[in-house]
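Q: One structure follows; several queries about it will come next.
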Amino acid sequence: MVRRRQTQLTIAQVVLFGLVVPEVEQLMVAWLREVDRALNDDDLVDDVLAILRRRWPQSSRRGRHGTPAETVLRMLALKHLMDWSYDELEREVTGSLVYRRFSRIDAGKVPDAKTMVRLGQLLDGGVLKSLLERLVAIAHEAGVTKGRKLRVDTTVVEAPIHHPTDSGMCEDAVRVLSRAIRRLRAAGVDVGFHFRNVHRSVSRRMREIAQGLRRRGERAKRAIKKPYRRLLRITGRLARQAHRAAEAARQQSKRMRGRTRKRVDRLVAHIQTMLPRVRQVIRQTRGRVLRGETRTPGKIVSLFEPWAQIIRKGKLHQPTEFGACVKVQEADGGIVTDVVVDDARADASLLVPAVEHHIRLFGRAPRLVATDRGFYSGHGEQRIVELGVLRPVLPRPGYRLPKRILYERQRWFRRGRAWRAGGEARISRLKHVFGMKRSRYRGRHGLDRSIYWAAIANNLVAIGRHPRPPPSAACQGGR
C-alpha cells in the first residue's frame with residue numbers, strides 16, 4: 001500500500017531519534033536544513049503520491065506497506081543533490097543518521113538500489129515539470145527570486161552512447177540481432193535456418209578496418225572499402241535472418257502459453273524495433289564509405305538512442321557533440337524556471353514562449369530579458385516588449401545601423417549583457433555538479449528525467465543557501 005508519509009514509529013525509532021539523538025536536524029549543514037524545510041511542502045509530496053498510486057490500481061487501499069511518497073521524493077532529491085549513483089545512495093543513507101532523518105526513514109529499513117531505480121522511473125517528465133514549477137513558487141515565496149530578470153540560453157546534453165562510427169554501429173547491429181535470434185531458439189522457436197555465430201568474422205573485419213585507417217588520405221579510403229563490403233554483407237544477411245526468425249516466432253507463439261509466449265512476443269517486438277534502425281545503418285554506411293555520400297536522409301548515430309542528433313556548437317575542444325539541444329531558462333536568484341528539449345534547434349523561436357512561461361509562473365513579465373545573438377529577431381523583440389518587458393537585451397547579429405549601435409551602447413544594455421554571461425556559469429554548474437552534461441538515463445524519456453532533476457537539484461541548493469531572517473526578526477519587521 002502506497003502511503004504519503006511514515007506514520008507509525010517503531011520502538012527503535014523512538015529510542016534512537018527521541019532519546020539518544022533528539023535533534024538530528026541540528027547535525028545537518030545549514031543549506032541542507034533549509035532544503036529539508038522546503039521539501040515539507042504538501043503539494044510536492046502529493047504529486048509524487050499520485051504517480052506512485054497510478055502504478056497499481058488498488059495500491060492506495062490494500063497490500064503491504066511500500067516506500068512512502070515523501071521518502072521517495074527525498075531520496076531521489078538527495079541522489080541528485082549529491083550526484084550519487086543508486087548504489088551510493090543506498091550506502092550513504094544507510095550509514096548516516098543525518099541522511100536517514102532527511103529521508104524520513106529514521107531507524108527503518110532503507111529501500112535498496114533496485115527499488116529506487118523502479119520508483120525513479122515512475123517519475124517522468126510531466127510530474128518532474130510540476131515539481132520544478134512548485135519549487136519555483138516556493139523560491140518566490142521565500143524571497144529567493146523576484147522574477148524581475150530572465151536569461152535564456154541553449155546547451156547540448158550528450159546522449160548515453162559511445163562515439164558513433166559506421167563500423168561500430170554495424171558491430172552493434174550484429175550483436176543485438178544475434179542475441180535476439182539465440183534467445184528465440186532457446187525459447188523453443190524453430191527459426192527455419194541454420195544460424196551461425198559470426199562474431200569472429202565481424203572482429204576480423206573490424207581489425208582490418210582499423211589497420212586500413214592507419215594510412216592517410218586516399219590510401220586509407222581505398223583500404224577500408226573491401227572490409228566494409230564484407231562487414232555490410234554480414235550485417236545485411238543477419239538482418240534478413242532476424243526478419244525470418246521474427247516471422248517464424250510470430251506464427252509459433254500462437255501455440256505457446258504462459259511466460260514462454262510473453263518472452264517470445266517481447267523478443268519479436270524487440271527485433272521489429274531494431275530492424276528499421278539496422279537497415280538505416282546499412283544504408284548510410286554504404287552511402288558514406290562506398291559512394292562518398294555524406295548526407296543520408298534519416299541518419300542515426302546510435303541503435304539504442306535514435307533520438308540523438310549531430311550538433312556542432314563551434315567548440316574547439318569538442319567540435320561535434322551527439323545528443324540533444326536543451327533550453328535553460330533562469331530567473332534572478334539562480335533559480336532555473338524551465339528546461340526543455342529544443343528539437344527544432346532554432347533559438348529565435350524560443351524567446352517569446354520563454355517570456356510567456358515566465359509570466360505564467362510569476363504573474364508578470366520580467367523587467368529585463370537577456371539572451372545571446374542567436375535569440376534575436378525583430379518580431380520576437382517587438383513581441384516581448386508588448387508582453388511588458390521594459391529592457392530587452394537582445395544583441396543584433398550581423399550589420400547594425402548607427403541607431404542600433406547607440407542603442408546597444410546604453411549602460412543598462414551593457415549591464416544586461418554582463419548579467420547574461422552568468423548564464424554560462426549556471427549551465428556549467430548544471431552539467432558538472434548536477435550531472436546534466438550527459439544523460440543519466442536511457443531513452444528520450446530518460447533525457448527529460450536527467451535535465452529536470454538537474455534543475456530541481458539546482459533550485460533546492462539555491463533555496464537552501466538563501467539567507468533567511470530568524471522568525472522573531474521577521475515578525476518585528478511585519479509590525
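As shown in the C-alpha cells, the chain order sets the letters A, B, ...; within each chain, residues go from 1, and ligands are also counted from 1 in the order they appear.
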In region 328-428 of chain A, what's alpha helix (DSSP H) per DSSP? Answer as a PyMOL selection string?
A: chain A and resi 351-362+378-387+402-408+411-428
Q: Any idea what's packed within 9 Å of Met75 (chain A), counting only C-alpha atoms, ignoring anything in its chain fewer than 5 positions away? Could you give it as an MDAnalysis selection string?
A: chainID A and resid 70 80 89 93 99 102:103 116
Q: Between A:Leu184, A:Arg214, A:Val35, A:Ala348, which residue has the minimum interatomic distance to Arg250 (chain A), considering only C-alpha atoms?
A: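 Selected residue with least distance to Arg250 (chain A): A:Leu184.
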Q: Could you pull out the strand (DSSP E) residues of region 186-390 of chain A, going by DSSP on the backbone, and write them as a PyMOL selection string?
A: chain A and resi 309-311+321-331+335-341+368-370
Q: Can you pull out every residue within 12 Å of Arg417 (chain A), counting only C-alpha atoms, but drop anything in the same chain fewer than 3 positions away, and send it as a list in words?
A: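 The filter keeps Leu150, Arg151, Val152, Leu368, Val369, Ala370, Thr371, Asp372, Arg373, Arg391, Pro392, Val393, Leu394, Pro395, Glu408, Arg409, Gln410, Arg411, Trp412, Phe413, Arg414, Arg420, Ala421, Gly422, Gly423 and Glu424 of chain A.
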Q: Within 7 Å of Gln284 (chain A), counting only C-alpha atoms, which residues show up once you throw out same-chain ones fewer than 4 positions away? Write them as a count of residues only, please.
A: 4
